[in-house]
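Pasted below: upload-v8.pdb, PDB, C-alpha atoms and all ligand atoms.
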ATOM      1  CA  MET A 782     134.918 136.393 149.150
ATOM      2  CA  ALA A 783     137.259 133.618 150.288
ATOM      3  CA  SER A 784     137.187 132.924 154.006
ATOM      4  CA  ALA A 785     140.133 133.374 156.348
ATOM      5  CA  ASN A 786     142.446 130.471 157.054
ATOM      6  CA  ILE A 787     141.874 128.420 160.174
ATOM      7  CA  PHE A 788     145.185 127.769 161.931
ATOM      8  CA  LEU A 789     145.319 124.902 164.417
ATOM      9  CA  VAL A 790     147.944 125.340 167.109
ATOM     10  CA  GLY A 791     148.851 123.187 170.091
ATOM     11  CA  MET A 792     151.377 120.733 171.414
ATOM     12  CA  MET A 793     152.742 117.630 169.738
ATOM     13  CA  GLY A 794     150.134 114.927 170.256
ATOM     14  CA  ALA A 795     147.180 117.314 170.611
ATOM     15  CA  GLY A 796     145.670 115.854 167.432
ATOM     16  CA  LYS A 797     146.028 118.856 165.108
ATOM     17  CA  THR A 798     146.510 116.736 161.987
ATOM     18  CA  THR A 799     143.639 114.319 162.645
ATOM     19  CA  LEU A 800     141.239 117.061 163.665
ATOM     20  CA  GLY A 801     142.413 119.370 160.883
ATOM     21  CA  ARG A 802     141.810 116.830 158.150
ATOM     22  CA  ALA A 803     138.301 116.056 159.445
ATOM     23  CA  LEU A 804     137.456 119.722 159.991
ATOM     24  CA  ALA A 805     138.564 120.631 156.465
ATOM     25  CA  GLN A 806     136.456 117.826 155.063
ATOM     26  CA  ARG A 807     133.392 118.955 157.031
ATOM     27  CA  LEU A 808     133.873 122.543 155.820
ATOM     28  CA  GLY A 809     134.751 121.600 152.249
ATOM     29  CA  ARG A 810     138.083 123.358 152.574
ATOM     30  CA  GLU A 811     141.622 122.454 151.622
ATOM     31  CA  PHE A 812     143.750 120.911 154.379
ATOM     32  CA  VAL A 813     147.463 121.634 154.762
ATOM     33  CA  ASP A 814     149.724 120.016 157.340
ATOM     34  CA  SER A 815     152.776 122.204 157.815
ATOM     35  CA  ASP A 816     155.198 119.421 158.804
ATOM     36  CA  ARG A 817     154.060 117.173 155.983
ATOM     37  CA  GLU A 818     154.461 120.028 153.515
ATOM     38  CA  LEU A 819     158.040 120.586 154.722
ATOM     39  CA  VAL A 820     158.773 116.881 154.393
ATOM     40  CA  GLU A 821     157.379 116.844 150.851
ATOM     41  CA  ARG A 822     159.339 119.900 149.834
ATOM     42  CA  THR A 823     162.673 118.827 151.293
ATOM     43  CA  GLY A 824     162.292 115.110 150.593
ATOM     44  CA  VAL A 825     163.514 114.227 154.094
ATOM     45  CA  SER A 826     161.907 113.733 157.506
ATOM     46  CA  VAL A 827     161.514 116.440 160.167
ATOM     47  CA  ALA A 828     164.084 114.539 162.251
ATOM     48  CA  THR A 829     166.581 114.712 159.383
ATOM     49  CA  ILE A 830     166.019 118.472 158.956
ATOM     50  CA  PHE A 831     166.768 118.871 162.683
ATOM     51  CA  GLU A 832     169.853 116.687 162.326
ATOM     52  CA  ILE A 833     171.317 118.572 159.387
ATOM     53  CA  GLU A 834     170.205 122.148 160.031
ATOM     54  CA  GLY A 835     169.464 122.112 163.742
ATOM     55  CA  GLU A 836     166.256 123.390 165.303
ATOM     56  CA  GLU A 837     167.139 126.860 164.055
ATOM     57  CA  GLY A 838     167.147 125.711 160.423
ATOM     58  CA  PHE A 839     163.853 123.903 160.898
ATOM     59  CA  ARG A 840     162.261 127.008 162.457
ATOM     60  CA  ARG A 841     163.425 129.147 159.549
ATOM     61  CA  ARG A 842     161.805 126.775 157.066
ATOM     62  CA  GLU A 843     158.657 126.596 159.202
ATOM     63  CA  SER A 844     158.303 130.397 159.319
ATOM     64  CA  THR A 845     158.904 130.801 155.581
ATOM     65  CA  LEU A 846     156.246 128.189 154.835
ATOM     66  CA  LEU A 847     153.790 129.787 157.269
ATOM     67  CA  ALA A 848     154.207 133.171 155.567
ATOM     68  CA  GLU A 849     153.500 131.528 152.231
ATOM     69  CA  LEU A 850     150.424 129.683 153.526
ATOM     70  CA  ALA A 851     149.079 132.842 155.153
ATOM     71  CA  ARG A 852     149.058 134.590 151.778
ATOM     72  CA  GLN A 853     146.402 132.178 150.527
ATOM     73  CA  GLU A 854     142.937 132.021 152.025
ATOM     74  CA  GLY A 855     140.327 129.462 152.937
ATOM     75  CA  SER A 856     142.436 126.536 154.158
ATOM     76  CA  VAL A 857     142.563 124.599 157.390
ATOM     77  CA  ILE A 858     146.241 124.564 158.417
ATOM     78  CA  ALA A 859     147.702 122.228 161.035
ATOM     79  CA  THR A 860     150.878 123.865 162.315
ATOM     80  CA  GLY A 861     153.849 122.268 164.081
ATOM     81  CA  GLY A 862     153.785 122.504 167.875
ATOM     82  CA  GLY A 863     156.662 124.980 168.022
ATOM     83  CA  VAL A 864     155.392 127.487 165.468
ATOM     84  CA  VAL A 865     154.241 129.818 168.255
ATOM     85  CA  LEU A 866     157.797 130.284 169.571
ATOM     86  CA  ASP A 867     158.315 133.014 167.012
ATOM     87  CA  GLU A 868     156.490 136.222 167.811
ATOM     88  CA  ALA A 869     156.101 137.141 164.141
ATOM     89  CA  ASN A 870     154.442 133.764 163.468
ATOM     90  CA  ARG A 871     151.978 134.331 166.303
ATOM     91  CA  ARG A 872     151.092 137.775 165.015
ATOM     92  CA  LEU A 873     150.779 136.607 161.420
ATOM     93  CA  MET A 874     148.352 133.799 162.296
ATOM     94  CA  HIS A 875     146.333 135.973 164.657
ATOM     95  CA  GLU A 876     146.022 138.823 162.172
ATOM     96  CA  THR A 877     145.380 136.893 158.984
ATOM     97  CA  GLY A 878     143.291 133.974 160.185
ATOM     98  CA  THR A 879     141.278 132.389 162.938
ATOM     99  CA  VAL A 880     143.503 130.536 165.375
ATOM    100  CA  VAL A 881     142.233 127.509 167.284
ATOM    101  CA  TYR A 882     144.259 126.215 170.217
ATOM    102  CA  LEU A 883     143.743 122.485 170.724
ATOM    103  CA  ARG A 884     144.509 122.204 174.407
ATOM    104  CA  ALA A 885     145.318 118.831 175.916
ATOM    105  CA  ARG A 886     146.509 117.617 179.295
ATOM    106  CA  LEU A 887     150.044 116.363 179.718
ATOM    107  CA  GLU A 888     148.809 112.805 180.283
ATOM    108  CA  SER A 889     146.983 112.664 176.984
ATOM    109  CA  LEU A 890     149.875 114.329 175.104
ATOM    110  CA  TRP A 891     152.211 111.752 176.581
ATOM    111  CA  GLU A 892     149.915 108.857 175.662
ATOM    112  CA  ARG A 893     149.822 110.056 172.076
ATOM    113  CA  THR A 894     153.540 110.692 171.640
ATOM    114  CA  ARG A 895     155.258 108.061 173.767
ATOM    115  CA  HIS A 896     155.487 105.412 171.048
ATOM    116  CA  ASP A 897     156.321 107.802 168.254
ATOM    117  CA  ALA A 898     160.001 108.317 167.486
ATOM    118  CA  SER A 899     159.455 110.945 164.786
ATOM    119  CA  ARG A 900     159.691 113.980 167.065
ATOM    120  CA  PRO A 901     163.309 115.060 167.537
ATOM    121  CA  LEU A 902     162.524 117.269 170.539
ATOM    122  CA  LEU A 903     161.374 114.192 172.459
ATOM    123  CA  ALA A 904     164.467 112.146 171.629
ATOM    124  CA  THR A 905     165.874 112.640 175.132
ATOM    125  CA  ALA A 906     166.508 110.463 178.174
ATOM    126  CA  ASP A 907     163.261 111.632 179.794
ATOM    127  CA  PRO A 908     160.800 112.556 177.045
ATOM    128  CA  ARG A 909     157.864 112.896 179.433
ATOM    129  CA  ALA A 910     159.671 115.536 181.478
ATOM    130  CA  ARG A 911     160.654 117.284 178.262
ATOM    131  CA  LEU A 912     157.027 117.299 177.106
ATOM    132  CA  ALA A 913     155.964 118.767 180.459
ATOM    133  CA  GLN A 914     158.608 121.472 180.147
ATOM    134  CA  LEU A 915     157.560 122.366 176.609
ATOM    135  CA  LEU A 916     153.879 122.482 177.601
ATOM    136  CA  GLU A 917     154.561 124.813 180.492
ATOM    137  CA  ALA A 918     156.716 127.140 178.393
ATOM    138  CA  ARG A 919     154.341 127.225 175.430
ATOM    139  CA  GLU A 920     150.909 127.325 177.047
ATOM    140  CA  PRO A 921     150.982 131.153 177.363
ATOM    141  CA  LEU A 922     152.087 131.467 173.736
ATOM    142  CA  TYR A 923     149.244 129.292 172.454
ATOM    143  CA  ARG A 924     146.813 131.331 174.517
ATOM    144  CA  GLU A 925     148.204 134.620 173.306
ATOM    145  CA  CYS A 926     147.881 133.608 169.689
ATOM    146  CA  ALA A 927     144.487 131.851 169.760
ATOM    147  CA  HIS A 928     141.031 133.305 169.158
ATOM    148  CA  VAL A 929     139.410 130.092 170.335
ATOM    149  CA  THR A 930     140.528 127.333 172.720
ATOM    150  CA  VAL A 931     139.061 123.840 172.586
ATOM    151  CA  ASP A 932     139.952 121.108 175.088
ATOM    152  CA  THR A 933     140.795 117.760 173.599
ATOM    153  CA  GLY A 934     141.032 114.381 175.257
ATOM    154  CA  SER A 935     139.850 110.975 174.203
ATOM    155  CA  GLN A 936     136.677 111.995 172.375
ATOM    156  CA  ALA A 937     135.916 110.813 168.833
ATOM    157  CA  THR A 938     137.224 113.037 166.060
ATOM    158  CA  SER A 939     133.694 113.776 164.817
ATOM    159  CA  THR A 940     132.711 115.003 168.300
ATOM    160  CA  LEU A 941     135.762 117.225 168.417
ATOM    161  CA  VAL A 942     135.008 118.634 164.963
ATOM    162  CA  SER A 943     131.501 119.574 166.137
ATOM    163  CA  ARG A 944     132.915 121.246 169.243
ATOM    164  CA  VAL A 945     135.454 123.227 167.234
ATOM    165  CA  LEU A 946     132.731 124.350 164.813
ATOM    166  CA  ALA A 947     130.516 125.432 167.715
ATOM    167  CA  ALA A 948     133.408 127.357 169.292
ATOM    168  CA  LEU A 949     134.191 129.049 165.973
ATOM    169  CA  ARG A 950     130.559 130.054 165.500
ATOM    170  CA  GLU A 951     130.418 131.462 169.008
ATOM    171  CA  TYR A 952     133.612 133.408 168.423
ATOM    172  CA  GLU A 953     132.389 134.789 165.094
ATOM    173  CA  THR A 954     129.089 135.890 166.625
ATOM    174  CA  ALA A 955     130.892 137.639 169.475
ATOM    175  CA  ALA A 956     133.426 139.240 167.094
ATOM    176  CA  GLY A 957     130.588 140.359 164.815
ATOM    177  CA  SER A 958     128.752 142.057 167.674
ATOM    178  CA  ASP A 959     131.948 143.936 168.617
ATOM    179  CA  ARG A 960     132.287 145.471 165.168
TER     180      ARG A 960
HETATM  181  C1  LIG B   1     157.587 120.352 167.091
HETATM  182  C2  LIG B   1     156.434 119.694 166.738
HETATM  183  C3  LIG B   1     156.335 118.842 165.544
HETATM  184  C4  LIG B   1     157.373 119.242 164.498
HETATM  185  C5  LIG B   1     158.739 119.297 165.112
HETATM  186  C6  LIG B   1     158.823 120.299 166.257
HETATM  187  C7  LIG B   1     157.593 121.167 168.320
HETATM  188  O1  LIG B   1     155.031 118.944 164.993
HETATM  189  O2  LIG B   1     157.053 120.474 163.926
HETATM  190  O3  LIG B   1     159.067 118.010 165.553
HETATM  191  O4  LIG B   1     158.487 122.018 168.482
HETATM  192  O5  LIG B   1     156.674 121.005 169.146
HETATM  193  P1  LIG B   1     153.698 118.319 165.668
HETATM  194  O6  LIG B   1     153.184 119.310 166.650
HETATM  195  O7  LIG B   1     152.786 118.154 164.507
HETATM  196  O8  LIG B   1     154.107 117.032 166.287
END

Can you dump the structure from the file as structure tokens?
Ligand code: S3P
Amino acid sequence: MASANIFLVGMMGAGKTTLGRALAQRLGREFVDSDRELVERTGVSVATIFEIEGEEGFRRRESTLLAELARQEGSVIATGGGVVLDEANRRLMHETGTVVYLRARLESLWERTRHDASRPLLATADPRARLAQLLEAREPLYRECAHVTVDTGSQATSTLVSRVLAALREYETAAGSDR
């Protein structure tokens, strides 16, 4: 039997892509990065999709891709930070896979995004304040959707992979004893 997908959720700069790639490698699973997949399929950057179709158009594409990815099993999937805004996306991930929330403090999110111009939502006069706003609004959504929450900071990727694996094992043991 194929195993359920592992969905990584969390804010921009939480390290979903880096962790996801390493986790997939450790588990011998396929890794999919949702944003990268959208960029490959459309042939343009996320910023350009936002520019041409607005955030609404981007979200539509993101949800369609998520539904497609959820139909296959066994992958580690790094989602975009805003995927949880849609209730149907949250339900789909929660019901079809195991959802890991990579939780990070504002300071570390800011450190990891401040020199990166690829995120259209942070292209504002005060990107740090915007990041804080987004974190506050989304934190409850990440929590609602996740089976497991792992705090991230400045630790090495391999350490984080081990912590995520331990958290997943703990969750699976607890879920198994509830059945
Ligand atoms: C977004 C996060 C980005 C990307 C887009 C919107 C968001 O992905 O999907 O810029 O709404 O938080 P990352 O979380 O991989 O940066």

Taking all atoms listed in the file into account, which residues are within 10 Å of ligand LIG 1 (chain B), as a PyMOL selection string? chain A and resi 789-798+814-817+819+826-828+830-831+836+839-840+843+859-866+894+897-903+912+915-916+919

Kindly extract all protein, DNA and RNA residues lying within 8 Å of the coordinates (143.9, 127.7, 156.7) given in the file, considering all atoms listed in the file, and supply them as a PyMOL selection string. chain A and resi 785-788+811-813+850-851+854-859+878

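What the PyMOL selection byres (((chain A and resi 884) around 9) and not hetatm) picks from this file is A:Val790, A:Gly791, A:Met792, A:Ala795, A:Tyr882, A:Leu883, A:Ala885, A:Arg886, A:Glu920, A:Tyr923, A:Thr930, A:Val931, A:Asp932, A:Thr933, A:Gly934.
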
In Å to one decimal, how far is CA of Ala913 (chain A) from CA of Ser939 (chain A)? 27.7 Å

Counting only C-alpha atoms, which residues in region 820-930 of chain A sit no more than 10 Å from region 948-952 of chain A? For each one, give the nearest pair of atoms and the distance in Å, sorted by chain then residue number, as JSON lines.
{"residue": "A:Thr879", "atom": "CA", "partner": "A:Leu949", "partner_atom": "CA", "distance": 8.4}
{"residue": "A:Val880", "atom": "CA", "partner": "A:Leu949", "partner_atom": "CA", "distance": 9.4}
{"residue": "A:Val881", "atom": "CA", "partner": "A:Leu949", "partner_atom": "CA", "distance": 8.3}
{"residue": "A:His928", "atom": "CA", "partner": "A:Tyr952", "partner_atom": "CA", "distance": 7.5}
{"residue": "A:Val929", "atom": "CA", "partner": "A:Ala948", "partner_atom": "CA", "distance": 6.7}
{"residue": "A:Thr930", "atom": "CA", "partner": "A:Ala948", "partner_atom": "CA", "distance": 7.9}

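The coordinates place CA of Val942 (chain A) at 20.0 Å from CA of Ala955 (chain A).
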
Which residue, A:Asp907, A:Leu800, A:Gly824, A:Glu888, has the smallest gap to Arg944 (chain A) when you use all atoms listed in the file?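 For Arg944 (chain A), the nearest of the given residues is A:Leu800.
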
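Pairwise distance (CA of Ala918 (chain A), CA of Ile833 (chain A)) equals 25.5 Å.
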
For Arg895 (chain A), please output as a ChimeraX atom specification all residues within 9 Å (counting only C-alpha atoms; exclusion window: fewer than 4 positions along the same chain). /A:890-891,903,908-909

Residues of the last selection are to be written out with C-alpha atoms, as a PDB file, in the frame of the given file.
ATOM      1  CA  LEU A 890     149.875 114.329 175.104  1.00  0.00           C
ATOM      2  CA  TRP A 891     152.211 111.752 176.581  1.00  0.00           C
ATOM      3  CA  LEU A 903     161.374 114.192 172.459  1.00  0.00           C
ATOM      4  CA  PRO A 908     160.800 112.556 177.045  1.00  0.00           C
ATOM      5  CA  ARG A 909     157.864 112.896 179.433  1.00  0.00           C
TER       6      ARG A 909
END

For a quick check of understanding, using only C-alpha atoms, which of A:Val825, A:Leu804, A:Leu946, A:Leu873 has the smallest distance to Ser844 (chain A)?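 Selected residue with least distance to Ser844 (chain A): A:Leu873.
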
Which of A:Gly957, A:Arg802, A:Leu941, A:Glu925 sits closest to Glu868 (chain A) [using all atoms listed in the file]: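 Ranking A:Gly957, A:Arg802, A:Leu941, A:Glu925 by distance to Glu868 (chain A), first place goes to A:Glu925.
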
Extending 4 Å beyond the listed atoms of region 800-815 of chain A on each side, what axis-aligned box results? I want centre and edge lengths in Å to one decimal, as JSON.
{"center_x": 143.1, "center_y": 119.7, "center_z": 157.6, "size_x": 27.4, "size_y": 15.3, "size_z": 20.0}

Kindly reconstruct region 874-885 of chain A with N, CA, C and O atoms and present the result as a PDB file, in the coordinates of the input.
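What landed in out07.pdb:
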ATOM      1  N   MET A 874     149.521 134.687 162.246  1.00  0.00           N
ATOM      2  CA  MET A 874     148.352 133.799 162.296  1.00  0.00           C
ATOM      3  C   MET A 874     147.160 134.540 162.894  1.00  0.00           C
ATOM      4  O   MET A 874     146.044 134.456 162.381  1.00  0.00           O
ATOM      5  N   HIS A 875     147.431 135.284 163.968  1.00  0.00           N
ATOM      6  CA  HIS A 875     146.333 135.973 164.657  1.00  0.00           C
ATOM      7  C   HIS A 875     145.692 137.037 163.761  1.00  0.00           C
ATOM      8  O   HIS A 875     144.485 137.227 163.777  1.00  0.00           O
ATOM      9  N   GLU A 876     146.541 137.716 162.982  1.00  0.00           N
ATOM     10  CA  GLU A 876     146.022 138.823 162.172  1.00  0.00           C
ATOM     11  C   GLU A 876     145.407 138.393 160.851  1.00  0.00           C
ATOM     12  O   GLU A 876     144.529 139.068 160.328  1.00  0.00           O
ATOM     13  N   THR A 877     145.891 137.267 160.315  1.00  0.00           N
ATOM     14  CA  THR A 877     145.380 136.893 158.984  1.00  0.00           C
ATOM     15  C   THR A 877     144.343 135.777 159.033  1.00  0.00           C
ATOM     16  O   THR A 877     143.687 135.516 158.031  1.00  0.00           O
ATOM     17  N   GLY A 878     144.207 135.112 160.160  1.00  0.00           N
ATOM     18  CA  GLY A 878     143.291 133.974 160.185  1.00  0.00           C
ATOM     19  C   GLY A 878     142.540 133.857 161.491  1.00  0.00           C
ATOM     20  O   GLY A 878     142.538 134.775 162.315  1.00  0.00           O
ATOM     21  N   THR A 879     141.900 132.718 161.665  1.00  0.00           N
ATOM     22  CA  THR A 879     141.278 132.389 162.938  1.00  0.00           C
ATOM     23  C   THR A 879     142.123 131.272 163.543  1.00  0.00           C
ATOM     24  O   THR A 879     142.368 130.258 162.885  1.00  0.00           O
ATOM     25  N   VAL A 880     142.571 131.487 164.770  1.00  0.00           N
ATOM     26  CA  VAL A 880     143.503 130.536 165.375  1.00  0.00           C
ATOM     27  C   VAL A 880     142.795 129.725 166.459  1.00  0.00           C
ATOM     28  O   VAL A 880     142.195 130.293 167.380  1.00  0.00           O
ATOM     29  N   VAL A 881     142.863 128.412 166.317  1.00  0.00           N
ATOM     30  CA  VAL A 881     142.233 127.509 167.284  1.00  0.00           C
ATOM     31  C   VAL A 881     143.338 126.792 168.059  1.00  0.00           C
ATOM     32  O   VAL A 881     144.186 126.121 167.462  1.00  0.00           O
ATOM     33  N   TYR A 882     143.314 126.945 169.358  1.00  0.00           N
ATOM     34  CA  TYR A 882     144.259 126.215 170.217  1.00  0.00           C
ATOM     35  C   TYR A 882     143.610 124.909 170.661  1.00  0.00           C
ATOM     36  O   TYR A 882     142.602 124.911 171.361  1.00  0.00           O
ATOM     37  N   LEU A 883     144.201 123.803 170.261  1.00  0.00           N
ATOM     38  CA  LEU A 883     143.743 122.485 170.724  1.00  0.00           C
ATOM     39  C   LEU A 883     144.508 122.178 171.998  1.00  0.00           C
ATOM     40  O   LEU A 883     145.688 121.820 171.953  1.00  0.00           O
ATOM     41  N   ARG A 884     143.835 122.349 173.110  1.00  0.00           N
ATOM     42  CA  ARG A 884     144.509 122.204 174.407  1.00  0.00           C
ATOM     43  C   ARG A 884     144.305 120.795 174.957  1.00  0.00           C
ATOM     44  O   ARG A 884     143.180 120.291 174.974  1.00  0.00           O
ATOM     45  N   ALA A 885     145.406 120.194 175.363  1.00  0.00           N
ATOM     46  CA  ALA A 885     145.318 118.831 175.916  1.00  0.00           C
ATOM     47  C   ALA A 885     146.140 118.745 177.191  1.00  0.00           C
ATOM     48  O   ALA A 885     147.105 119.494 177.373  1.00  0.00           O
TER      49      ALA A 885
END
